[in-house]
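First comes the structure, then the notes that go with it.
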There are 2 protein chains.
Amino acid sequence: MAVAILTHDAFPDRAKTAVGLLRYGDRTVEALVDRERAGQRVHDSLPDVQDAPIVASMADAPEVDTLVIGISPIGGEFDESWREDVRTALERGCDVYSGLHDFLADDKEFARLAEEHDAELHDLRKPPEDLTVAAGTAGDVDATVVTTVGTDCSTGKMTASFEIRDAARERGLDAAVVPTGQTGIAITGWGIVIDRVIADYAAGAVERLVEEAQAADLLVVEGQGALAHPAYSGVTTSILHGSVPDALVMCHEAGREAIHGYESFDIPPLPEYVDIYERLAAPISDASVVAGMLNTRHLDDGAAADAVAEYSDALDAPATDPVRHGVPDEILDAIL
Amino acid sequence: MAVAILTHDAFPDRAKTAVGLLRYGDRTVEALVDRERAGQRVHDSLPDVQDAPIVASMADAPEVDTLVIGISPIGGEFDESWREDVRTALERGCDVYSGLHDFLADDKEFARLAEEHDAELHDLRKPPEDLTVAAGTAGDVDATVVTTVGTDCSTGKMTASFEIRDAARERGLDAAVVPTGQTGIAITGWGIVIDRVIADYAAGAVERLVEEAQAADLLVVEGQGALAHPAYSGVTTSILHGSVPDALVMCHEAGREAIHGYESFDIPPLPEYVDIYERLAAPISDASVVAGMLNTRHLDDGAAADAVAEYSDALDAPATDPVRHGVPDEILDAIL
């Protein structure tokens, strides 16, 4: 599948979905559509992901069959300055993927153009309409299921999930990520945004994803939120139990001590936090925290190495910064 | 208001909405509609609630102005075998209250009949449209907040909540139940069905209810599901954290050893289960299990007394069967 990604004025720093696609996507990115950097290439800004030319508009894009909206602005609203590019993509018969709160399929012009040109509109935040409650059967899949959990939101669960997948693939294993958020879904073209699902069906939606996933050896379930989070712990619990994991990987950002945006709530001491996750998991599956992933982006190399060592001691499990140091064999061994 | 309650093939054990209305509602129940027990009376099955005749269909029901769907099956789907009774009720001009996931107002025939006969369809699971994520502020209310939790679904959390409310009122306290399920909402006419809310907003919905509740001394938050439940634990967690409770009351049904409908999942040993609840609550509020409520409906008096004593020992807290023995002072003292 040949993909163009719309990132107008946002690449790379405010185009998390685009960067995720370039780094972890199975699809070939033929072009970025970004009027601000037209004429440059991806590698001029991000040398460590797949390269692609940057064009000013969809009209300038090479032959592709898919356009992905690669920006998730605060509020998730559609920007009318993108309309011409989406229109052009649909007129060229391209499917369009969007993780915006505003559903493209609810836009009369886009819906009409999609029908006229036999193109599909994929609103990645829209949950399926036939979800049900969990049956508790996700544990019956043959593959090993590992679920990423965290000390807070935005600690790197999605990134850790893809890095674990890639390390397993490098070992020759059939591995897949089970995406539960819009970026992971945009990267894989598959998944359900669990936090948008009716609470009663959240675990059932995770269960469905695990049972539909196409990988014989390893499924890495992308966690959301955190068990000590005042607002999102319910979603975290639904993923923890709905995925019936064989193992857990704990994700944390170095130096973070309180819940982001809820600073009156401290992040529990790591050994206690691990215990909370394992005790809550236990009635459903015998899953323990087997490894740690630490986001050290704010530290220099020396401080990062020290922080990872300290984190590993606190967890009593092997740890790494998957972006800075990759996923070493000892961690993959602990997971499998 | 004169009410008929539909409980086909489910009364009393699988019709907890009906039982709650019969026990705590301030409306007169004129009849149960249950083809399985037609010709019997409520007191033939439940002697300790308001009595009413049981008829086979709405066509046989006496004069009423309201039909309540008194069953909440797993999955919450409408059973087509109930259609004729709902149709008849609407044709008689009765309002119809439903706590099902399937909204009656979305059923074209029911919507048309309601309009034709000036009847109202009340879908109690339909959440408000302006919900948001939790701010973590429910702990700021002046009243003592106690949240009922359970070892499984249908262990008596709603019943315990109302019994605690009534015991506190008998002591002269200003107490209210914070209803999170359709039965409590049907009884109080206020609340939000939390399991129907978008997962991201579930804790925020509980927070709103706690902050809107009108009682100066005691708020009893009705819990849902159970932390060891494969499908509903996310909702349980959202209520546990969203309500920021001062204390927890653990509800259990005597003799139940596995999760109902999920028999491959054992109910954890009680001391362990209490520990899971308290450890998960701890990052948000310092709430411990201060009392136990045991549903002994399947036991004789002697066995019930033994079971309550045994339950109290296992919890290391005072316990009672609130329906059989009421809520004694020592338990109300432990809660306050």
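Residue names in the structure tokens use chain letters A, B, ... in the order shown, residue numbers from 1 in each chain, and ligand numbers from 1 in the order shown.
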
Write down, as number ranges by chain, each residue of chain B that has any atom within 7 Å of an atom of chain A, counting only C-alpha atoms. B: 75, 133-136, 195-200, 202-204, 228, 230-235, 237-238, 241-242, 265, 268, 276, 279-280, 283-284

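Those residues that approach A:Val96 to within 10 Å, counting only C-alpha atoms, are A:Val3, A:Ala4, A:Ile5, A:Asp65, A:Thr66, A:Leu67, A:Val68, A:Ile69, A:Val86, A:Arg87, A:Ala89, A:Leu90, A:Leu104, A:Ala105, A:Phe110, A:Ala114, A:Ala119, A:Glu120, A:Leu121, A:His122, A:Asp123; same-chain residues fewer than 4 positions away are not listed.
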
For the residues in the current selection, export N, CA and C atoms as a PDB file, in the first residue's frame.
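Generated file (result.pdb):
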ATOM      1  N   VAL A   3       1.323   5.237   0.464  1.00  0.00           N
ATOM      2  CA  VAL A   3       0.645   6.204   1.312  1.00  0.00           C
ATOM      3  C   VAL A   3       1.231   7.606   1.165  1.00  0.00           C
ATOM      4  N   ALA A   4       0.348   8.624   1.172  1.00  0.00           N
ATOM      5  CA  ALA A   4       0.765  10.014   1.384  1.00  0.00           C
ATOM      6  C   ALA A   4       0.231  10.444   2.748  1.00  0.00           C
ATOM      7  N   ILE A   5       0.996  11.292   3.442  1.00  0.00           N
ATOM      8  CA  ILE A   5       0.596  11.739   4.778  1.00  0.00           C
ATOM      9  C   ILE A   5       0.489  13.255   4.808  1.00  0.00           C
ATOM     10  N   ASP A  65      -2.340   5.180  -3.067  1.00  0.00           N
ATOM     11  CA  ASP A  65      -3.737   4.712  -2.957  1.00  0.00           C
ATOM     12  C   ASP A  65      -4.370   5.115  -1.635  1.00  0.00           C
ATOM     13  N   THR A  66      -3.576   5.804  -0.771  1.00  0.00           N
ATOM     14  CA  THR A  66      -4.082   6.166   0.554  1.00  0.00           C
ATOM     15  C   THR A  66      -3.534   7.519   0.992  1.00  0.00           C
ATOM     16  N   LEU A  67      -4.421   8.352   1.564  1.00  0.00           N
ATOM     17  CA  LEU A  67      -3.983   9.575   2.240  1.00  0.00           C
ATOM     18  C   LEU A  67      -4.310   9.432   3.720  1.00  0.00           C
ATOM     19  N   VAL A  68      -3.299   9.672   4.573  1.00  0.00           N
ATOM     20  CA  VAL A  68      -3.503   9.627   6.015  1.00  0.00           C
ATOM     21  C   VAL A  68      -3.370  11.045   6.571  1.00  0.00           C
ATOM     22  N   ILE A  69      -4.357  11.486   7.355  1.00  0.00           N
ATOM     23  CA  ILE A  69      -4.219  12.771   8.060  1.00  0.00           C
ATOM     24  C   ILE A  69      -3.214  12.526   9.185  1.00  0.00           C
ATOM     25  N   VAL A  86      -7.828  16.783   0.716  1.00  0.00           N
ATOM     26  CA  VAL A  86      -8.672  15.595   0.919  1.00  0.00           C
ATOM     27  C   VAL A  86      -9.562  15.396  -0.313  1.00  0.00           C
ATOM     28  N   ARG A  87     -10.091  16.508  -0.846  1.00  0.00           N
ATOM     29  CA  ARG A  87     -10.930  16.444  -2.045  1.00  0.00           C
ATOM     30  C   ARG A  87     -10.139  15.820  -3.204  1.00  0.00           C
ATOM     31  N   ALA A  89      -7.491  13.920  -3.069  1.00  0.00           N
ATOM     32  CA  ALA A  89      -7.199  12.505  -2.799  1.00  0.00           C
ATOM     33  C   ALA A  89      -8.395  11.632  -3.176  1.00  0.00           C
ATOM     34  N   LEU A  90      -9.585  12.050  -2.760  1.00  0.00           N
ATOM     35  CA  LEU A  90     -10.789  11.261  -3.050  1.00  0.00           C
ATOM     36  C   LEU A  90     -11.048  11.221  -4.557  1.00  0.00           C
ATOM     37  N   LEU A 104     -14.712  12.392   9.020  1.00  0.00           N
ATOM     38  CA  LEU A 104     -14.768  12.755   7.601  1.00  0.00           C
ATOM     39  C   LEU A 104     -16.030  12.196   6.951  1.00  0.00           C
ATOM     40  N   ALA A 105     -16.466  11.014   7.419  1.00  0.00           N
ATOM     41  CA  ALA A 105     -17.642  10.382   6.801  1.00  0.00           C
ATOM     42  C   ALA A 105     -18.909  11.204   7.050  1.00  0.00           C
ATOM     43  N   PHE A 110     -17.248  15.086   1.312  1.00  0.00           N
ATOM     44  CA  PHE A 110     -16.308  13.959   1.327  1.00  0.00           C
ATOM     45  C   PHE A 110     -17.049  12.635   1.126  1.00  0.00           C
ATOM     46  N   ALA A 114     -16.313  10.238  -2.002  1.00  0.00           N
ATOM     47  CA  ALA A 114     -15.845   8.872  -1.744  1.00  0.00           C
ATOM     48  C   ALA A 114     -16.704   7.877  -2.519  1.00  0.00           C
ATOM     49  N   ALA A 119     -13.858   5.333  -3.247  1.00  0.00           N
ATOM     50  CA  ALA A 119     -12.811   5.461  -2.212  1.00  0.00           C
ATOM     51  C   ALA A 119     -13.458   5.277  -0.841  1.00  0.00           C
ATOM     52  N   GLU A 120     -12.658   4.899   0.143  1.00  0.00           N
ATOM     53  CA  GLU A 120     -13.190   4.675   1.483  1.00  0.00           C
ATOM     54  C   GLU A 120     -12.690   5.735   2.454  1.00  0.00           C
ATOM     55  N   LEU A 121     -13.611   6.195   3.323  1.00  0.00           N
ATOM     56  CA  LEU A 121     -13.247   7.118   4.406  1.00  0.00           C
ATOM     57  C   LEU A 121     -13.142   6.318   5.692  1.00  0.00           C
ATOM     58  N   HIS A 122     -11.963   6.311   6.330  1.00  0.00           N
ATOM     59  CA  HIS A 122     -11.751   5.571   7.575  1.00  0.00           C
ATOM     60  C   HIS A 122     -11.568   6.554   8.727  1.00  0.00           C
ATOM     61  N   ASP A 123     -12.604   6.713   9.553  1.00  0.00           N
ATOM     62  CA  ASP A 123     -12.496   7.560  10.749  1.00  0.00           C
ATOM     63  C   ASP A 123     -12.056   6.682  11.908  1.00  0.00           C
TER      64      ASP A 123
END

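For the atom pair formed by atom CA of B:Glu253 and atom CA of B:Gln182, the distance is 20.6 Å, given to one decimal.
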
What's the 9 Å shell around A:Ser161, counting only C-alpha atoms, without same-chain residues fewer than 4 positions away, as a PDB file with C-alpha atoms, in the first residue's frame?
ATOM      1  CA  VAL A 146       2.226  -8.896  26.413  1.00  0.00           C
ATOM      2  CA  THR A 147       0.445  -5.703  27.456  1.00  0.00           C
ATOM      3  CA  THR A 148       2.263  -2.396  27.921  1.00  0.00           C
ATOM      4  CA  GLY A 156       5.778   5.799  25.737  1.00  0.00           C
ATOM      5  CA  LYS A 157       3.466   2.753  25.769  1.00  0.00           C
ATOM      6  CA  ARG A 165       7.293  -5.880  17.896  1.00  0.00           C
ATOM      7  CA  ASP A 166      10.249  -4.906  15.741  1.00  0.00           C
ATOM      8  CA  ALA A 176       2.059  -7.689  15.821  1.00  0.00           C
ATOM      9  CA  VAL A 177       0.954  -4.679  17.833  1.00  0.00           C
ATOM     10  CA  VAL A 178      -2.680  -4.576  19.001  1.00  0.00           C
ATOM     11  CA  PRO A 179      -3.403  -0.828  18.730  1.00  0.00           C
ATOM     12  CA  VAL A 220       1.921  -6.603  21.983  1.00  0.00           C
ATOM     13  CA  VAL A 221      -1.206  -4.883  23.330  1.00  0.00           C
ATOM     14  CA  GLU A 222      -0.854  -1.098  23.491  1.00  0.00           C
ATOM     15  CA  GLY A 223      -1.947   0.047  26.948  1.00  0.00           C
TER      16      GLY A 223
END

Report the residues of stretch 129-230 of chain A whose backbone DSSP state falls under strand (DSSP E), written as a short mmCIF file (atom, residue, chain, number, x, y, z; two decimals) with all heavy atoms, in the first residue's frame.
data_model
loop_
_atom_site.label_atom_id
_atom_site.label_comp_id
_atom_site.auth_asym_id
_atom_site.auth_seq_id
_atom_site.Cartn_x
_atom_site.Cartn_y
_atom_site.Cartn_z
N THR A 144 1.83 -15.51 22.42
CA THR A 144 2.11 -14.87 23.70
C THR A 144 1.55 -13.45 23.66
O THR A 144 1.73 -12.74 22.67
CB THR A 144 3.63 -14.80 23.94
OG1 THR A 144 4.13 -16.14 24.05
CG2 THR A 144 3.96 -14.04 25.22
N VAL A 145 0.82 -13.05 24.71
CA VAL A 145 0.24 -11.70 24.77
C VAL A 145 0.97 -10.91 25.85
O VAL A 145 1.00 -11.31 27.02
CB VAL A 145 -1.27 -11.75 25.09
CG1 VAL A 145 -1.82 -10.34 25.25
CG2 VAL A 145 -2.02 -12.51 24.00
N VAL A 146 1.60 -9.80 25.45
CA VAL A 146 2.23 -8.90 26.41
C VAL A 146 1.54 -7.55 26.30
O VAL A 146 1.26 -7.06 25.20
CB VAL A 146 3.74 -8.75 26.18
CG1 VAL A 146 4.04 -8.27 24.77
CG2 VAL A 146 4.35 -7.80 27.21
N THR A 147 1.15 -6.99 27.44
CA THR A 147 0.45 -5.70 27.46
C THR A 147 1.35 -4.63 28.07
O THR A 147 1.93 -4.85 29.13
CB THR A 147 -0.87 -5.84 28.24
OG1 THR A 147 -1.71 -6.79 27.57
CG2 THR A 147 -1.59 -4.50 28.34
N THR A 148 1.48 -3.51 27.37
CA THR A 148 2.26 -2.40 27.92
C THR A 148 1.38 -1.59 28.87
O THR A 148 0.24 -1.26 28.54
CB THR A 148 2.80 -1.48 26.80
OG1 THR A 148 1.71 -1.05 25.97
CG2 THR A 148 3.81 -2.23 25.94
N VAL A 149 1.90 -1.34 30.06
CA VAL A 149 1.19 -0.53 31.06
C VAL A 149 2.11 0.62 31.44
O VAL A 149 3.29 0.64 31.08
CB VAL A 149 0.80 -1.37 32.29
CG1 VAL A 149 -0.18 -2.47 31.90
CG2 VAL A 149 2.05 -1.96 32.95
N GLY A 150 1.57 1.59 32.17
CA GLY A 150 2.39 2.76 32.45
C GLY A 150 2.15 3.35 33.82
O GLY A 150 1.17 3.01 34.50
N ALA A 175 5.19 -11.28 14.85
CA ALA A 175 4.74 -10.41 15.94
C ALA A 175 3.88 -9.27 15.40
O ALA A 175 4.09 -8.82 14.27
CB ALA A 175 5.93 -9.83 16.70
N ALA A 176 2.92 -8.81 16.21
CA ALA A 176 2.06 -7.69 15.82
C ALA A 176 1.71 -6.85 17.04
O ALA A 176 1.68 -7.36 18.16
CB ALA A 176 0.78 -8.20 15.16
N VAL A 177 1.47 -5.57 16.79
CA VAL A 177 0.95 -4.68 17.83
C VAL A 177 -0.57 -4.70 17.76
O VAL A 177 -1.15 -4.74 16.67
CB VAL A 177 1.48 -3.24 17.64
CG1 VAL A 177 0.73 -2.25 18.53
CG2 VAL A 177 2.98 -3.19 17.92
N VAL A 178 -1.23 -4.71 18.92
CA VAL A 178 -2.68 -4.58 19.00
C VAL A 178 -2.95 -3.14 19.42
O VAL A 178 -2.81 -2.78 20.59
CB VAL A 178 -3.26 -5.57 20.03
CG1 VAL A 178 -4.77 -5.35 20.19
CG2 VAL A 178 -2.98 -7.01 19.60
N LEU A 218 3.70 -13.48 18.81
CA LEU A 218 3.67 -12.45 19.85
C LEU A 218 2.68 -11.34 19.50
O LEU A 218 2.73 -10.78 18.40
CB LEU A 218 5.07 -11.83 20.04
CG LEU A 218 5.19 -10.70 21.07
CD1 LEU A 218 4.89 -11.21 22.47
CD2 LEU A 218 6.58 -10.06 21.00
N LEU A 219 1.79 -11.03 20.45
CA LEU A 219 0.91 -9.87 20.33
C LEU A 219 1.29 -8.88 21.43
O LEU A 219 1.32 -9.24 22.60
CB LEU A 219 -0.56 -10.28 20.50
CG LEU A 219 -1.12 -11.27 19.48
CD1 LEU A 219 -2.57 -11.61 19.83
CD2 LEU A 219 -1.03 -10.69 18.08
N VAL A 220 1.58 -7.64 21.02
CA VAL A 220 1.92 -6.60 21.98
C VAL A 220 0.73 -5.65 22.06
O VAL A 220 0.46 -4.91 21.11
CB VAL A 220 3.19 -5.84 21.58
CG1 VAL A 220 3.60 -4.89 22.71
CG2 VAL A 220 4.32 -6.80 21.23
N VAL A 221 -0.01 -5.71 23.17
CA VAL A 221 -1.21 -4.88 23.33
C VAL A 221 -0.79 -3.51 23.86
O VAL A 221 -0.14 -3.40 24.90
CB VAL A 221 -2.21 -5.54 24.29
CG1 VAL A 221 -3.44 -4.65 24.48
CG2 VAL A 221 -2.61 -6.93 23.78
#

Nearby residues (only C-alpha atoms) at most 10 Å from B:His252, same-chain spacing under 4 positions excluded, as a PyMOL selection string: chain B and resi 149-157+256-257+270+292-296+311+321

File dump, residues just selected, N, CA, C and O atoms, as a JSON list (two decimals), in the first residue's frame:
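See part-v6.json below for the written result:
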[["chain", "number", "residue", "atom", "x", "y", "z"],
["B", 149, "VAL", "N", -18.65, -1.66, 47.01],
["B", 149, "VAL", "CA", -17.92, -2.46, 46.03],
["B", 149, "VAL", "C", -18.33, -3.91, 46.23],
["B", 149, "VAL", "O", -18.98, -4.25, 47.22],
["B", 150, "GLY", "N", -17.94, -4.77, 45.29],
["B", 150, "GLY", "CA", -18.43, -6.15, 45.41],
["B", 150, "GLY", "C", -17.44, -7.18, 44.92],
["B", 150, "GLY", "O", -16.42, -6.86, 44.31],
["B", 151, "THR", "N", -17.77, -8.43, 45.23],
["B", 151, "THR", "CA", -16.96, -9.56, 44.76],
["B", 151, "THR", "C", -17.38, -9.99, 43.36],
["B", 151, "THR", "O", -16.67, -10.75, 42.71],
["B", 152, "ASP", "N", -18.54, -9.50, 42.88],
["B", 152, "ASP", "CA", -19.09, -9.90, 41.59],
["B", 152, "ASP", "C", -20.23, -8.93, 41.28],
["B", 152, "ASP", "O", -20.58, -8.07, 42.09],
["B", 153, "CYS", "N", -20.83, -9.07, 40.08],
["B", 153, "CYS", "CA", -22.07, -8.37, 39.79],
["B", 153, "CYS", "C", -23.19, -9.00, 40.62],
["B", 153, "CYS", "O", -23.06, -10.13, 41.08],
["B", 154, "SER", "N", -24.28, -8.26, 40.80],
["B", 154, "SER", "CA", -25.47, -8.79, 41.46],
["B", 154, "SER", "C", -25.16, -9.42, 42.81],
["B", 154, "SER", "O", -25.61, -10.52, 43.12],
["B", 155, "THR", "N", -24.38, -8.71, 43.62],
["B", 155, "THR", "CA", -24.12, -9.20, 44.98],
["B", 155, "THR", "C", -24.87, -8.36, 46.02],
["B", 155, "THR", "O", -24.76, -8.64, 47.21],
["B", 156, "GLY", "N", -25.56, -7.31, 45.56],
["B", 156, "GLY", "CA", -26.35, -6.50, 46.49],
["B", 156, "GLY", "C", -25.79, -5.11, 46.76],
["B", 156, "GLY", "O", -26.12, -4.50, 47.77],
["B", 157, "LYS", "N", -24.97, -4.59, 45.85],
["B", 157, "LYS", "CA", -24.40, -3.25, 46.06],
["B", 157, "LYS", "C", -25.49, -2.18, 46.07],
["B", 157, "LYS", "O", -25.47, -1.27, 46.91],
["B", 256, "ARG", "N", -21.19, -17.83, 46.87],
["B", 256, "ARG", "CA", -20.72, -17.66, 45.50],
["B", 256, "ARG", "C", -19.20, -17.75, 45.46],
["B", 256, "ARG", "O", -18.52, -17.09, 46.22],
["B", 257, "GLU", "N", -18.69, -18.62, 44.59],
["B", 257, "GLU", "CA", -17.25, -18.86, 44.54],
["B", 257, "GLU", "C", -16.62, -18.51, 43.21],
["B", 257, "GLU", "O", -15.40, -18.38, 43.10],
["B", 270, "LEU", "N", -11.38, -13.65, 50.15],
["B", 270, "LEU", "CA", -11.82, -12.32, 50.59],
["B", 270, "LEU", "C", -10.70, -11.41, 51.10],
["B", 270, "LEU", "O", -10.63, -10.24, 50.70],
["B", 292, "GLY", "N", -18.91, -5.03, 55.79],
["B", 292, "GLY", "CA", -19.32, -5.99, 54.76],
["B", 292, "GLY", "C", -20.81, -6.17, 54.73],
["B", 292, "GLY", "O", -21.48, -6.08, 55.77],
["B", 293, "MET", "N", -21.34, -6.38, 53.52],
["B", 293, "MET", "CA", -22.76, -6.68, 53.35],
["B", 293, "MET", "C", -22.86, -8.02, 52.64],
["B", 293, "MET", "O", -22.28, -8.21, 51.57],
["B", 294, "LEU", "N", -23.58, -8.95, 53.26],
["B", 294, "LEU", "CA", -23.68, -10.31, 52.72],
["B", 294, "LEU", "C", -25.12, -10.61, 52.31],
["B", 294, "LEU", "O", -26.05, -10.42, 53.10],
["B", 295, "ASN", "N", -25.28, -11.05, 51.08],
["B", 295, "ASN", "CA", -26.58, -11.47, 50.58],
["B", 295, "ASN", "C", -26.76, -12.95, 50.91],
["B", 295, "ASN", "O", -26.08, -13.81, 50.35],
["B", 296, "THR", "N", -27.67, -13.24, 51.86],
["B", 296, "THR", "CA", -27.87, -14.64, 52.31],
["B", 296, "THR", "C", -29.22, -15.19, 51.88],
["B", 296, "THR", "O", -29.75, -16.12, 52.51],
["B", 311, "TYR", "N", -18.21, -14.26, 57.29],
["B", 311, "TYR", "CA", -17.87, -13.18, 56.35],
["B", 311, "TYR", "C", -17.18, -12.04, 57.08],
["B", 311, "TYR", "O", -16.16, -11.51, 56.64],
["B", 321, "ASP", "N", -26.34, -8.94, 56.83],
["B", 321, "ASP", "CA", -27.19, -9.02, 55.64],
["B", 321, "ASP", "C", -28.20, -7.89, 55.79],
["B", 321, "ASP", "O", -29.10, -7.97, 56.64]]

Within 7 Å of stretch 28-37 of chain B using only C-alpha atoms, minus same-chain residues under 3 positions, as an NGL selection string: :B and (1-9 or 22 or 40 or 52-58 or 61-62 or 64)
